[in-house]
>>> print(open('my_file-v8.txt').read())   # compact mmCIF, C-alpha atoms
# COMPACT_ATOMS: atom_id res chain seq x y z
CA MET A 1 -46.26 -4.35 34.64
CA LYS A 2 -44.11 -1.25 34.16
CA PRO A 3 -44.02 0.27 30.67
CA GLU A 4 -40.75 -0.08 28.84
CA LYS A 5 -38.52 2.92 29.08
CA PRO A 6 -38.22 4.53 25.64
CA GLN A 7 -34.80 4.15 24.11
CA ASN A 8 -32.70 7.22 23.60
CA THR A 9 -32.00 6.90 19.84
CA THR A 10 -29.76 9.96 19.75
CA HIS A 11 -27.66 8.60 22.62
CA LYS A 12 -27.32 5.21 20.90
CA LYS A 13 -26.16 6.86 17.66
CA GLN A 14 -23.61 8.93 19.55
CA ASN A 15 -22.25 5.85 21.30
CA LYS A 16 -22.13 3.98 17.99
CA LYS A 17 -20.27 6.88 16.37
CA MET A 18 -17.76 7.10 19.24
CA PHE A 19 -17.23 3.33 19.07
CA TYR A 20 -16.42 3.40 15.33
CA GLU A 21 -14.13 6.42 15.56
CA ARG A 22 -12.22 4.93 18.47
CA ILE A 23 -11.63 1.63 16.68
CA PHE A 24 -10.98 2.75 13.10
CA GLN A 25 -10.04 5.77 11.05
CA LYS A 26 -12.86 8.20 10.43
CA TYR A 27 -13.33 7.28 6.77
CA ILE A 28 -13.46 3.92 5.05
CA SER A 29 -10.69 2.96 2.65
CA PRO A 30 -11.63 3.24 -1.04
CA PHE A 31 -8.89 0.68 -1.75
CA LEU A 32 -10.90 -2.08 -0.13
CA ASP A 33 -13.49 -3.90 -2.20
CA PHE A 34 -16.24 -2.95 0.25
CA GLY A 35 -15.21 0.70 0.42
CA PHE A 36 -14.90 1.14 -3.34
CA LYS A 37 -18.29 -0.39 -4.07
CA LYS A 38 -19.90 1.49 -1.18
CA LEU A 39 -18.67 4.85 -2.50
CA PHE A 40 -19.10 4.31 -6.24
CA GLY A 41 -21.26 1.24 -6.76
CA GLU A 42 -24.50 2.11 -4.98
CA GLU A 43 -27.47 3.76 -6.67
CA CYS A 44 -27.60 6.51 -4.05
CA ASN A 45 -23.99 7.45 -4.88
CA LYS A 46 -24.33 7.27 -8.65
CA ASP A 47 -23.61 11.01 -8.94
CA LEU A 48 -20.17 10.41 -7.34
CA LEU A 49 -19.22 7.89 -10.03
CA LEU A 50 -20.69 10.11 -12.75
CA ASP A 51 -18.64 13.10 -11.62
CA PHE A 52 -15.46 11.02 -11.43
CA LEU A 53 -16.00 9.59 -14.93
CA ASN A 54 -16.75 13.03 -16.34
CA GLU A 55 -13.52 14.46 -14.93
CA LEU A 56 -11.55 11.44 -16.11
CA LEU A 57 -12.94 11.34 -19.65
CA TYR A 58 -14.15 14.87 -20.37
CA GLU A 59 -11.50 15.73 -22.99
CA GLU A 60 -12.42 12.68 -25.03
CA GLN A 61 -16.04 12.02 -24.11
CA GLY A 62 -17.52 15.38 -23.40
CA ARG A 63 -20.14 15.45 -20.66
CA ILE A 64 -21.74 12.15 -19.69
CA VAL A 65 -25.36 12.94 -18.85
CA SER A 66 -26.34 9.76 -17.05
CA ILE A 67 -25.17 6.28 -16.20
CA SER A 68 -26.93 3.11 -15.17
CA TYR A 69 -25.41 0.18 -13.31
CA LEU A 70 -25.23 -3.22 -14.99
CA GLN A 71 -24.85 -6.63 -13.39
CA SER A 72 -21.17 -6.96 -12.47
CA GLU A 73 -21.03 -10.73 -12.97
CA ARG A 74 -20.60 -11.59 -16.63
CA LEU A 75 -20.75 -15.03 -18.21
CA GLY A 76 -18.65 -16.31 -21.08
CA ILE A 77 -19.99 -17.49 -24.43
CA ALA A 78 -20.29 -21.15 -23.43
CA ALA A 79 -21.72 -22.64 -20.26
CA ASN A 80 -18.29 -23.78 -19.10
CA SER A 81 -16.57 -20.45 -19.93
CA ARG A 82 -14.78 -18.56 -17.21
CA LYS A 83 -16.85 -15.84 -15.53
CA ALA A 84 -15.76 -12.25 -14.98
CA PHE A 85 -16.57 -10.28 -11.84
CA PHE A 86 -16.25 -6.55 -12.35
CA ASP A 87 -16.02 -4.11 -9.43
CA ILE A 88 -18.30 -1.67 -11.23
CA TYR A 89 -19.96 -2.09 -14.62
CA CYS A 90 -22.17 0.62 -16.08
CA GLU A 91 -23.26 2.31 -19.30
CA ASN A 92 -24.06 5.88 -20.26
CA GLU A 93 -27.00 7.32 -22.17
CA LYS A 94 -25.27 6.48 -25.50
CA GLY A 95 -24.99 2.81 -24.64
CA GLU A 96 -21.22 3.01 -24.14
CA LYS A 97 -19.87 0.61 -21.50
CA PHE A 98 -17.57 1.40 -18.56
CA ILE A 99 -15.73 -1.14 -16.43
CA VAL A 100 -14.15 0.43 -13.34
CA GLU A 101 -11.71 -1.80 -11.48
CA LEU A 102 -9.76 -1.26 -8.28
CA GLN A 103 -6.56 -3.26 -7.79
CA ASN A 104 -4.74 -2.86 -4.46
CA THR A 105 -2.12 -5.59 -4.97
CA GLU A 106 0.21 -6.18 -7.88
CA GLN A 107 -0.56 -9.06 -10.22
CA PRO A 108 1.78 -10.48 -12.88
CA PHE A 109 -0.87 -10.47 -15.64
CA PHE A 110 -3.07 -7.55 -14.63
CA LYS A 111 -2.88 -5.95 -18.09
CA ASP A 112 -3.99 -9.27 -19.61
CA ARG A 113 -6.86 -9.34 -17.16
CA THR A 114 -8.11 -5.90 -18.22
CA VAL A 115 -7.93 -6.89 -21.90
CA TYR A 116 -9.88 -10.06 -21.08
CA TYR A 117 -12.50 -8.02 -19.24
CA SER A 118 -12.94 -5.74 -22.27
CA THR A 119 -14.09 -8.67 -24.40
CA PHE A 120 -17.31 -9.15 -22.42
CA PRO A 121 -18.98 -5.81 -23.18
CA ILE A 122 -17.82 -6.16 -26.80
CA ILE A 123 -19.32 -9.62 -27.32
CA GLU A 124 -22.52 -8.65 -25.51
CA GLN A 125 -23.22 -6.01 -28.15
CA ALA A 126 -23.81 -8.61 -30.86
CA PRO A 127 -27.59 -8.66 -31.43
CA LYS A 128 -29.42 -11.90 -32.04
CA ILE A 129 -30.36 -10.99 -35.57
CA LYS A 130 -28.96 -12.01 -38.95
CA ASN A 131 -28.39 -8.60 -40.46
CA TRP A 132 -25.87 -6.86 -38.22
CA ASN A 133 -23.18 -4.56 -39.60
CA PHE A 134 -20.80 -5.02 -36.62
CA GLU A 135 -21.05 -1.42 -35.47
CA LEU A 136 -19.97 -1.26 -31.81
CA LYS A 137 -20.42 1.19 -28.96
CA ALA A 138 -17.29 2.39 -27.18
CA VAL A 139 -15.89 0.36 -24.28
CA TYR A 140 -13.78 1.88 -21.49
CA VAL A 141 -11.79 -0.13 -18.93
CA ILE A 142 -10.62 2.05 -16.04
CA ALA A 143 -8.18 0.61 -13.51
CA ILE A 144 -7.32 2.41 -10.27
CA LEU A 145 -4.07 0.86 -9.05
CA ASP A 146 -2.44 0.90 -5.64
CA PHE A 147 0.83 -0.22 -7.21
CA VAL A 148 3.20 0.87 -9.99
CA PHE A 149 4.08 -0.94 -13.21
CA ASP A 150 7.69 -2.17 -13.04
CA GLU A 151 8.64 -0.90 -16.49
CA ASP A 152 7.82 2.72 -15.57
CA LYS A 153 8.57 2.82 -11.86
CA ASN A 154 11.35 5.38 -12.37
CA ASN A 155 9.12 7.73 -14.37
CA LEU A 156 7.63 9.42 -11.32
CA GLU A 157 5.83 12.15 -13.27
CA LYS A 158 3.61 9.75 -15.23
CA PHE A 159 0.74 8.27 -13.24
CA ARG A 160 -1.98 8.13 -15.90
CA TYR A 161 -1.90 5.82 -18.95
CA ASP A 162 -4.40 6.24 -21.80
CA VAL A 163 -4.14 3.22 -24.08
CA LYS A 164 -5.83 2.68 -27.46
CA LEU A 165 -5.18 0.64 -30.59
CA SER A 166 -2.63 2.73 -32.50
CA ASP A 167 -0.38 2.43 -35.54
CA ILE A 168 3.21 1.76 -34.46
CA LYS A 169 4.87 4.01 -37.03
CA THR A 170 2.52 6.99 -37.18
CA HIS A 171 1.41 6.75 -33.52
CA LYS A 172 -2.07 7.71 -34.68
CA VAL A 173 -5.11 6.08 -33.11
CA PHE A 174 -6.29 3.29 -35.40
CA TYR A 175 -9.44 2.40 -33.42
CA ASP A 176 -10.91 4.77 -30.85
CA LYS A 177 -13.78 2.72 -29.43
CA LEU A 178 -11.65 0.61 -27.08
CA SER A 179 -9.86 2.48 -24.31
CA PHE A 180 -7.84 1.38 -21.29
CA ILE A 181 -7.05 3.92 -18.60
CA TYR A 182 -4.66 3.04 -15.79
CA LEU A 183 -4.14 5.30 -12.77
CA GLU A 184 -1.03 4.58 -10.66
CA MET A 185 -2.08 6.10 -7.34
CA PRO A 186 1.30 5.78 -5.52
CA LYS A 187 2.83 8.24 -8.01
CA PHE A 188 0.27 10.98 -7.33
CA ASN A 189 1.84 13.05 -4.56
CA LYS A 190 0.41 16.56 -4.96
CA PRO A 191 -0.45 18.24 -1.65
CA VAL A 192 -3.97 19.58 -1.26
CA GLU A 193 -2.82 23.22 -1.64
CA GLU A 194 -1.51 22.54 -5.17
CA LEU A 195 -4.61 20.86 -6.59
CA LYS A 196 -5.85 22.72 -9.66
CA THR A 197 -8.42 20.56 -11.44
CA ARG A 198 -11.38 18.53 -10.25
CA PHE A 199 -9.65 15.42 -11.58
CA GLU A 200 -6.60 16.12 -9.37
CA LYS A 201 -8.97 16.56 -6.43
CA TRP A 202 -10.48 13.15 -7.11
CA MET A 203 -6.99 11.63 -7.28
CA TYR A 204 -6.07 13.26 -3.97
CA VAL A 205 -9.27 12.10 -2.28
CA LEU A 206 -8.94 8.50 -3.45
CA LYS A 207 -5.32 8.26 -2.33
CA ASN A 208 -5.59 10.03 1.03
CA LEU A 209 -9.16 9.48 2.25
CA GLU A 210 -8.46 6.92 4.96
CA GLN A 211 -5.70 9.10 6.47
CA LEU A 212 -7.85 12.25 6.67
CA SER A 213 -9.78 13.33 9.73
CA HIS A 214 -11.97 15.94 8.01
CA LEU A 215 -12.87 17.42 4.65
CA PRO A 216 -10.06 19.84 3.65
CA TYR A 217 -11.03 23.44 2.97
CA GLU A 218 -9.75 23.17 -0.63
CA LEU A 219 -12.28 20.39 -1.30
CA LYS A 220 -15.38 22.13 0.03
CA GLU A 221 -17.58 21.40 -2.95
CA THR A 222 -20.96 19.72 -2.91
CA ILE A 223 -19.75 16.55 -4.59
CA PHE A 224 -16.89 16.03 -2.14
CA GLU A 225 -19.05 16.90 0.86
CA LYS A 226 -21.35 14.05 -0.17
CA PHE A 227 -18.37 11.76 -0.83
CA PHE A 228 -16.90 12.35 2.64
CA ALA A 229 -20.30 11.91 4.28
CA ALA A 230 -20.80 8.59 2.48
CA ALA A 231 -17.31 7.48 3.54
CA GLU A 232 -17.79 7.97 7.29
CA VAL A 233 -17.36 4.73 9.19
CA ALA A 234 -19.85 5.98 11.78
CA GLN A 235 -22.60 6.07 9.16
CA LEU A 236 -22.34 2.36 8.34
CA THR A 237 -25.13 0.07 9.42
CA GLN A 238 -24.24 -2.80 11.71
CA CYS A 239 -24.31 -5.22 8.77
CA GLU A 240 -22.13 -2.92 6.65
CA TYR A 241 -19.75 -2.46 9.53
CA ILE A 242 -19.30 -6.23 9.89
CA GLN A 243 -18.65 -6.55 6.14
CA TYR A 244 -16.11 -3.73 6.26
CA VAL A 245 -14.25 -5.23 9.22
CA GLU A 246 -14.17 -8.64 7.52
CA ASN A 247 -12.93 -7.08 4.28
CA LEU A 248 -10.26 -5.14 6.17
CA ARG A 249 -9.17 -8.24 8.08
CA ASN A 250 -8.89 -10.31 4.90
CA TYR A 251 -6.90 -7.57 3.20
CA ARG A 252 -4.48 -7.30 6.14
CA ASP A 253 -4.11 -11.07 6.39
CA ASN A 254 -3.40 -11.39 2.68
CA LYS A 255 -0.97 -8.47 2.78
CA ASN A 256 0.85 -9.90 5.80
CA CYS A 257 1.13 -13.30 4.07
CA MET A 258 2.42 -11.65 0.91
CA ASP A 259 4.88 -9.43 2.81
CA PHE A 260 6.16 -12.45 4.74
CA ALA A 261 6.52 -14.47 1.52
CA ILE A 262 8.42 -11.59 -0.09
CA GLU A 263 10.62 -11.18 2.98
CA LYS A 264 11.33 -14.93 3.12
CA ALA A 265 12.04 -15.12 -0.61
CA THR A 266 14.27 -12.05 -0.39
CA ALA A 267 16.27 -13.55 2.50
CA LYS A 268 16.61 -16.84 0.63
CA GLY A 269 17.65 -15.00 -2.50
CA LEU A 270 20.20 -12.92 -0.59
CA ASN A 271 21.67 -16.01 1.05
CA LYS A 272 21.85 -17.85 -2.27
CA GLY A 273 23.31 -14.79 -3.94
CA LEU A 274 25.86 -14.38 -1.16
CA ASN A 275 27.04 -17.98 -1.46
CA LYS A 276 27.22 -17.73 -5.23
CA GLY A 277 28.98 -14.38 -4.93
CA LEU A 278 31.54 -15.78 -2.51
CA LYS A 279 32.19 -18.73 -4.79
CA GLU A 280 32.48 -16.56 -7.89
CA GLY A 281 34.54 -14.03 -5.96
CA GLU A 282 36.93 -16.69 -4.73
CA LYS A 283 37.31 -18.05 -8.24
CA LYS A 284 37.83 -14.62 -9.72
CA GLY A 285 40.13 -13.59 -6.87
CA LEU A 286 42.31 -16.67 -7.41
CA LYS A 287 42.49 -15.95 -11.13
CA GLU A 288 43.35 -12.28 -10.54
CA GLY A 289 45.82 -13.26 -7.81
CA LEU A 290 47.62 -15.66 -10.10
CA LYS A 291 47.73 -13.06 -12.85
CA LYS A 292 49.08 -10.36 -10.56
CA GLY A 293 51.48 -12.86 -8.96
CA ARG A 294 52.87 -13.79 -12.36
CA GLU A 295 53.22 -10.15 -13.33
CA LYS A 296 54.90 -9.26 -10.05
CA GLY A 297 57.12 -12.36 -10.20
CA LEU A 298 58.13 -11.59 -13.78
CA LYS A 299 58.92 -8.01 -12.90
CA LYS A 300 60.97 -9.03 -9.87
CA GLY A 301 62.64 -11.85 -11.83
CA LEU A 302 63.64 -9.45 -14.60
CA LYS A 303 65.03 -7.03 -12.07
CA ASN A 304 67.00 -9.68 -10.19
CA GLY A 305 68.03 -11.37 -13.41
CA LEU A 306 69.25 -8.11 -14.85
CA LYS A 307 71.18 -7.37 -11.72
CA LYS A 308 72.71 -10.83 -11.59
CA GLY A 309 73.36 -10.84 -15.32
CA LEU A 310 75.08 -7.50 -15.11
CA LYS A 311 77.25 -8.75 -12.26
CA GLU A 312 78.09 -11.93 -14.10
CA GLY A 313 78.69 -9.97 -17.27
CA LEU A 314 81.09 -7.61 -15.55
CA LYS A 315 82.92 -10.58 -14.05
CA GLU A 316 83.16 -12.30 -17.41
CA GLY A 317 84.27 -9.02 -18.97
CA ARG A 318 87.09 -8.61 -16.48
CA ILE A 319 88.26 -12.19 -17.05
CA LYS A 320 88.22 -11.71 -20.82
CA GLU A 321 90.09 -8.45 -20.47
CA ARG A 322 92.86 -10.14 -18.41
CA GLU A 323 93.10 -12.97 -20.93
CA ASN A 324 93.57 -10.46 -23.74
CA MET A 325 96.20 -8.65 -21.67
CA VAL A 326 98.09 -11.91 -21.01
CA LEU A 327 98.01 -12.88 -24.69
CA SER A 328 99.11 -9.43 -25.92
CA SER A 329 101.89 -9.26 -23.30
CA THR A 330 103.17 -12.72 -24.30
CA SER A 331 103.16 -11.69 -27.97
CA ALA A 332 105.26 -8.65 -26.99
CA GLY A 333 107.87 -11.02 -25.47
CA LEU A 334 107.31 -10.11 -21.85
CA PRO A 335 108.32 -12.74 -19.31
CA ILE A 336 105.59 -14.52 -17.30
CA GLU A 337 106.79 -12.93 -14.03
CA THR A 338 106.31 -9.44 -15.49
CA ILE A 339 102.89 -10.32 -16.90
CA ALA A 340 101.85 -11.65 -13.44
CA THR A 341 102.84 -8.32 -11.88
CA ILE A 342 100.88 -6.28 -14.47
CA THR A 343 97.69 -8.41 -14.47
CA ARG A 344 97.81 -9.42 -10.80
CA LEU A 345 97.33 -13.04 -11.85
CA THR A 346 99.24 -15.98 -10.56
CA ILE A 347 101.80 -17.67 -12.81
CA LYS A 348 99.55 -20.75 -12.77
CA ASP A 349 96.54 -18.68 -14.03
CA ILE A 350 98.73 -17.20 -16.81
CA GLU A 351 99.92 -20.66 -17.84
CA THR A 352 96.27 -21.88 -17.92
CA ILE A 353 95.29 -18.97 -20.18
CA LEU A 354 98.22 -19.65 -22.53
CA GLU A 355 97.40 -23.35 -22.65
CA LYS A 356 93.75 -22.55 -23.40
CA ASN A 357 94.61 -20.27 -26.36
CA ARG A 358 97.29 -22.40 -28.08
>>> encode(input="my_file-v8.txt", output="structure tokens")
Amino acid sequence: MKPEKPQNTTHKKQNKKMFYERIFQKYISPFLDFGFKKLFGEECNKDLLLDFLNELLYEEQGRIVSISYLQSERLGIAANSRKAFFDIYCENEKGEKFIVELQNTEQPFFKDRTVYYSTFPIIEQAPKIKNWNFELKAVYVIAILDFVFDEDKNNLEKFRYDVKLSDIKTHKVFYDKLSFIYLEMPKFNKPVEELKTRFEKWMYVLKNLEQLSHLPYELKETIFEKFFAAAEVAQLTQCEYIQYVENLRNYRDNKNCMDFAIEKATAKGLNKGLNKGLKEGEKKGLKEGLKKGREKGLKKGLKNGLKKGLKEGLKEGRIKERENMVLSSTSAGLPIETIATITRLTIKDIETILEKNR
């Protein structure tokens, strides 16, 4: 029996790498559930999440020394309470809690959802002892969004929202231990040459990773070198690769269904709007037409009436003038034949006028 030929491991890895790069982009998408958790939710990549959180919260938090991952599935108070599934749930060395959520599709009540999520780490802090003074550790809910809030879609400069409980009149923070941070990724459009802070670099990387083919020169720092290495599709195990493909397929299917639903609803809305517009337009057009018709008819009627009235008036005036001439001539003792010559009326017309004025 011939001994088995040893496998060329290097050759297999090269073929695997070529296969992945030919099928997909070089780097996994951080906007997929698998990609986000792979890059930020694994113990071996804890330093990536720590660096991101430090850049995001440094002005308020100072430097976070360490973080530890917590179970992302949280239960409600009662057995039949609704569960919460966080993308990433961790705490720092002070016991402060951080929920990091990625949302790649718009939801009507996403803000409500983040508020709901914040209640879990708050309630969990209640110790099972009688004497508790209700002192809480800070809770941070961080949402990385691949969509834009409708109410601020025209404010293109604002992509980060820092939300706390504040007084409406003074605008001062009333309670600083509950924070919501929303990052609208579509609004961040700085090119790599204009990046100034590490936070801006993180924003650029998250938004553009899946379109890049290599680590840009401007990002050649240890933390980003590790991030790009962890994001390579070619480095995924076979099991991870299958999960990623399935996640990508589900995302595309859902997006296609949503896009089709939007397109269908838009077409239906346009058709309905067109029919309503035509009906309203016809009604309004008829009303305006009648109004303009009346105005034009009145104007023309006045003009024609004035013209006709003037003509009739002149005619009546001439008749009256001749009658006065006949009467004054008769009073002067002029014979009818002479009056007929002066007025150019017939003797019969003169006699009619005289009969009328007796």
>>> closest_residue(input="my_file-v8.txt", among="A:Lys226, A:Arg160, A:Lys300, A:Lys348", to="Ile181 (chain A)", atoms="only C-alpha atoms")
A:Arg160
>>> closest_residue(input="my_file-v8.txt", among="A:Asp167, A:Asn275, A:Leu178, A:Phe147", to="Ile122 (chain A)", atoms="all atoms listed in the file")
A:Leu178
>>> atom_distance(input="my_file-v8.txt", atom1="CA of Ile99 (chain A)", atom2="CA of Val141 (chain A)")
4.8 Å
>>> closest_residue(input="my_file-v8.txt", among="A:Glu157, A:Phe86, A:Arg358, A:Phe52", to="Val205 (chain A)", atoms="only C-alpha atoms")
A:Phe52
>>> closest_residue(input="my_file-v8.txt", among="A:Asn104, A:Ile144, A:Val173, A:Gln211", to="Gln25 (chain A)", atoms="all atoms listed in the file")
A:Gln211
>>> decode(input="my_file-v8.txt", residues="region 85-183 of chain A", atoms="C-alpha atoms", output="PDB file, in the first residue's frame")
ATOM      1  CA  PHE A  85     -30.955  40.443  21.971  1.00  0.00           C
ATOM      2  CA  PHE A  86     -28.119  42.940  21.875  1.00  0.00           C
ATOM      3  CA  ASP A  87     -25.471  42.912  19.135  1.00  0.00           C
ATOM      4  CA  ILE A  88     -22.753  43.641  21.686  1.00  0.00           C
ATOM      5  CA  TYR A  89     -23.130  44.050  25.440  1.00  0.00           C
ATOM      6  CA  CYS A  90     -20.146  44.804  27.649  1.00  0.00           C
ATOM      7  CA  GLU A  91     -18.992  46.648  30.756  1.00  0.00           C
ATOM      8  CA  ASN A  92     -15.843  48.542  31.683  1.00  0.00           C
ATOM      9  CA  GLU A  93     -13.672  48.352  34.778  1.00  0.00           C
ATOM     10  CA  LYS A  94     -16.041  50.759  36.612  1.00  0.00           C
ATOM     11  CA  GLY A  95     -19.037  48.513  36.073  1.00  0.00           C
ATOM     12  CA  GLU A  96     -20.595  50.869  33.520  1.00  0.00           C
ATOM     13  CA  LYS A  97     -22.611  49.120  30.804  1.00  0.00           C
ATOM     14  CA  PHE A  98     -22.358  49.561  27.027  1.00  0.00           C
ATOM     15  CA  ILE A  99     -24.856  48.313  24.462  1.00  0.00           C
ATOM     16  CA  VAL A 100     -23.550  48.622  20.895  1.00  0.00           C
ATOM     17  CA  GLU A 101     -26.153  48.080  18.188  1.00  0.00           C
ATOM     18  CA  LEU A 102     -25.872  48.029  14.409  1.00  0.00           C
ATOM     19  CA  GLN A 103     -28.986  48.817  12.382  1.00  0.00           C
ATOM     20  CA  ASN A 104     -28.729  48.535   8.593  1.00  0.00           C
ATOM     21  CA  THR A 105     -32.416  49.068   7.769  1.00  0.00           C
ATOM     22  CA  GLU A 106     -34.771  51.796   8.898  1.00  0.00           C
ATOM     23  CA  GLN A 107     -37.378  50.918  11.509  1.00  0.00           C
ATOM     24  CA  PRO A 108     -40.370  53.082  12.503  1.00  0.00           C
ATOM     25  CA  PHE A 109     -39.742  52.742  16.263  1.00  0.00           C
ATOM     26  CA  PHE A 110     -35.975  52.338  16.417  1.00  0.00           C
ATOM     27  CA  LYS A 111     -35.580  55.111  19.007  1.00  0.00           C
ATOM     28  CA  ASP A 112     -38.186  53.359  21.169  1.00  0.00           C
ATOM     29  CA  ARG A 113     -36.240  50.154  20.784  1.00  0.00           C
ATOM     30  CA  THR A 114     -33.012  51.725  22.059  1.00  0.00           C
ATOM     31  CA  VAL A 115     -34.835  53.203  25.062  1.00  0.00           C
ATOM     32  CA  TYR A 116     -36.328  49.768  25.765  1.00  0.00           C
ATOM     33  CA  TYR A 117     -32.879  48.185  25.559  1.00  0.00           C
ATOM     34  CA  SER A 118     -31.504  50.680  28.092  1.00  0.00           C
ATOM     35  CA  THR A 119     -33.920  49.428  30.750  1.00  0.00           C
ATOM     36  CA  PHE A 120     -32.260  46.011  30.978  1.00  0.00           C
ATOM     37  CA  PRO A 121     -28.829  47.102  32.249  1.00  0.00           C
ATOM     38  CA  ILE A 122     -30.586  49.545  34.598  1.00  0.00           C
ATOM     39  CA  ILE A 123     -32.874  46.935  36.179  1.00  0.00           C
ATOM     40  CA  GLU A 124     -30.045  44.402  36.413  1.00  0.00           C
ATOM     41  CA  GLN A 125     -28.146  46.724  38.744  1.00  0.00           C
ATOM     42  CA  ALA A 126     -30.702  46.321  41.524  1.00  0.00           C
ATOM     43  CA  PRO A 127     -29.031  44.068  44.128  1.00  0.00           C
ATOM     44  CA  LYS A 128     -30.995  41.417  45.944  1.00  0.00           C
ATOM     45  CA  ILE A 129     -30.644  43.092  49.297  1.00  0.00           C
ATOM     46  CA  LYS A 130     -33.016  45.209  51.370  1.00  0.00           C
ATOM     47  CA  ASN A 131     -30.816  48.220  51.990  1.00  0.00           C
ATOM     48  CA  TRP A 132     -30.036  49.678  48.575  1.00  0.00           C
ATOM     49  CA  ASN A 133     -29.771  53.425  47.994  1.00  0.00           C
ATOM     50  CA  PHE A 134     -30.596  53.225  44.243  1.00  0.00           C
ATOM     51  CA  GLU A 135     -27.179  54.419  43.124  1.00  0.00           C
ATOM     52  CA  LEU A 136     -26.664  53.339  39.491  1.00  0.00           C
ATOM     53  CA  LYS A 137     -23.697  52.901  37.196  1.00  0.00           C
ATOM     54  CA  ALA A 138     -23.790  54.711  33.858  1.00  0.00           C
ATOM     55  CA  VAL A 139     -25.454  53.059  30.863  1.00  0.00           C
ATOM     56  CA  TYR A 140     -24.532  53.844  27.251  1.00  0.00           C
ATOM     57  CA  VAL A 141     -26.552  52.769  24.208  1.00  0.00           C
ATOM     58  CA  ILE A 142     -24.598  53.243  20.982  1.00  0.00           C
ATOM     59  CA  ALA A 143     -26.370  52.784  17.658  1.00  0.00           C
ATOM     60  CA  ILE A 144     -24.490  52.662  14.350  1.00  0.00           C
ATOM     61  CA  LEU A 145     -27.074  53.361  11.654  1.00  0.00           C
ATOM     62  CA  ASP A 146     -27.000  52.705   7.933  1.00  0.00           C
ATOM     63  CA  PHE A 147     -29.929  55.085   7.473  1.00  0.00           C
ATOM     64  CA  VAL A 148     -30.859  58.683   8.322  1.00  0.00           C
ATOM     65  CA  PHE A 149     -33.603  59.944  10.636  1.00  0.00           C
ATOM     66  CA  ASP A 150     -36.356  61.591   8.569  1.00  0.00           C
ATOM     67  CA  GLU A 151     -36.607  64.681  10.759  1.00  0.00           C
ATOM     68  CA  ASP A 152     -32.955  65.627  10.147  1.00  0.00           C
ATOM     69  CA  LYS A 153     -32.318  64.265   6.665  1.00  0.00           C
ATOM     70  CA  ASN A 154     -31.664  67.761   5.291  1.00  0.00           C
ATOM     71  CA  ASN A 155     -29.104  68.581   7.987  1.00  0.00           C
ATOM     72  CA  LEU A 156     -26.201  66.940   6.174  1.00  0.00           C
ATOM     73  CA  GLU A 157     -23.518  68.222   8.547  1.00  0.00           C
ATOM     74  CA  LYS A 158     -24.925  66.453  11.615  1.00  0.00           C
ATOM     75  CA  PHE A 159     -24.263  62.725  11.727  1.00  0.00           C
ATOM     76  CA  ARG A 160     -23.713  62.207  15.462  1.00  0.00           C
ATOM     77  CA  TYR A 161     -26.427  62.576  18.126  1.00  0.00           C
ATOM     78  CA  ASP A 162     -25.551  62.607  21.838  1.00  0.00           C
ATOM     79  CA  VAL A 163     -28.767  62.316  23.831  1.00  0.00           C
ATOM     80  CA  LYS A 164     -29.229  62.639  27.608  1.00  0.00           C
ATOM     81  CA  LEU A 165     -32.021  63.581  29.992  1.00  0.00           C
ATOM     82  CA  SER A 166     -31.995  67.389  29.944  1.00  0.00           C
ATOM     83  CA  ASP A 167     -34.100  70.285  31.197  1.00  0.00           C
ATOM     84  CA  ILE A 168     -36.151  71.756  28.348  1.00  0.00           C
ATOM     85  CA  LYS A 169     -35.710  75.400  29.322  1.00  0.00           C
ATOM     86  CA  THR A 170     -32.111  75.524  30.509  1.00  0.00           C
ATOM     87  CA  HIS A 171     -30.863  72.778  28.141  1.00  0.00           C
ATOM     88  CA  LYS A 172     -28.643  71.572  30.978  1.00  0.00           C
ATOM     89  CA  VAL A 173     -28.133  67.866  31.539  1.00  0.00           C
ATOM     90  CA  PHE A 174     -30.448  66.748  34.334  1.00  0.00           C
ATOM     91  CA  TYR A 175     -29.164  63.157  34.560  1.00  0.00           C
ATOM     92  CA  ASP A 176     -25.823  62.138  33.074  1.00  0.00           C
ATOM     93  CA  LYS A 177     -25.784  58.391  33.699  1.00  0.00           C
ATOM     94  CA  LEU A 178     -28.013  57.448  30.757  1.00  0.00           C
ATOM     95  CA  SER A 179     -26.643  58.230  27.303  1.00  0.00           C
ATOM     96  CA  PHE A 180     -27.805  57.426  23.788  1.00  0.00           C
ATOM     97  CA  ILE A 181     -25.409  57.944  20.907  1.00  0.00           C
ATOM     98  CA  TYR A 182     -26.621  57.609  17.325  1.00  0.00           C
ATOM     99  CA  LEU A 183     -24.238  57.622  14.356  1.00  0.00           C
TER     100      LEU A 183
END
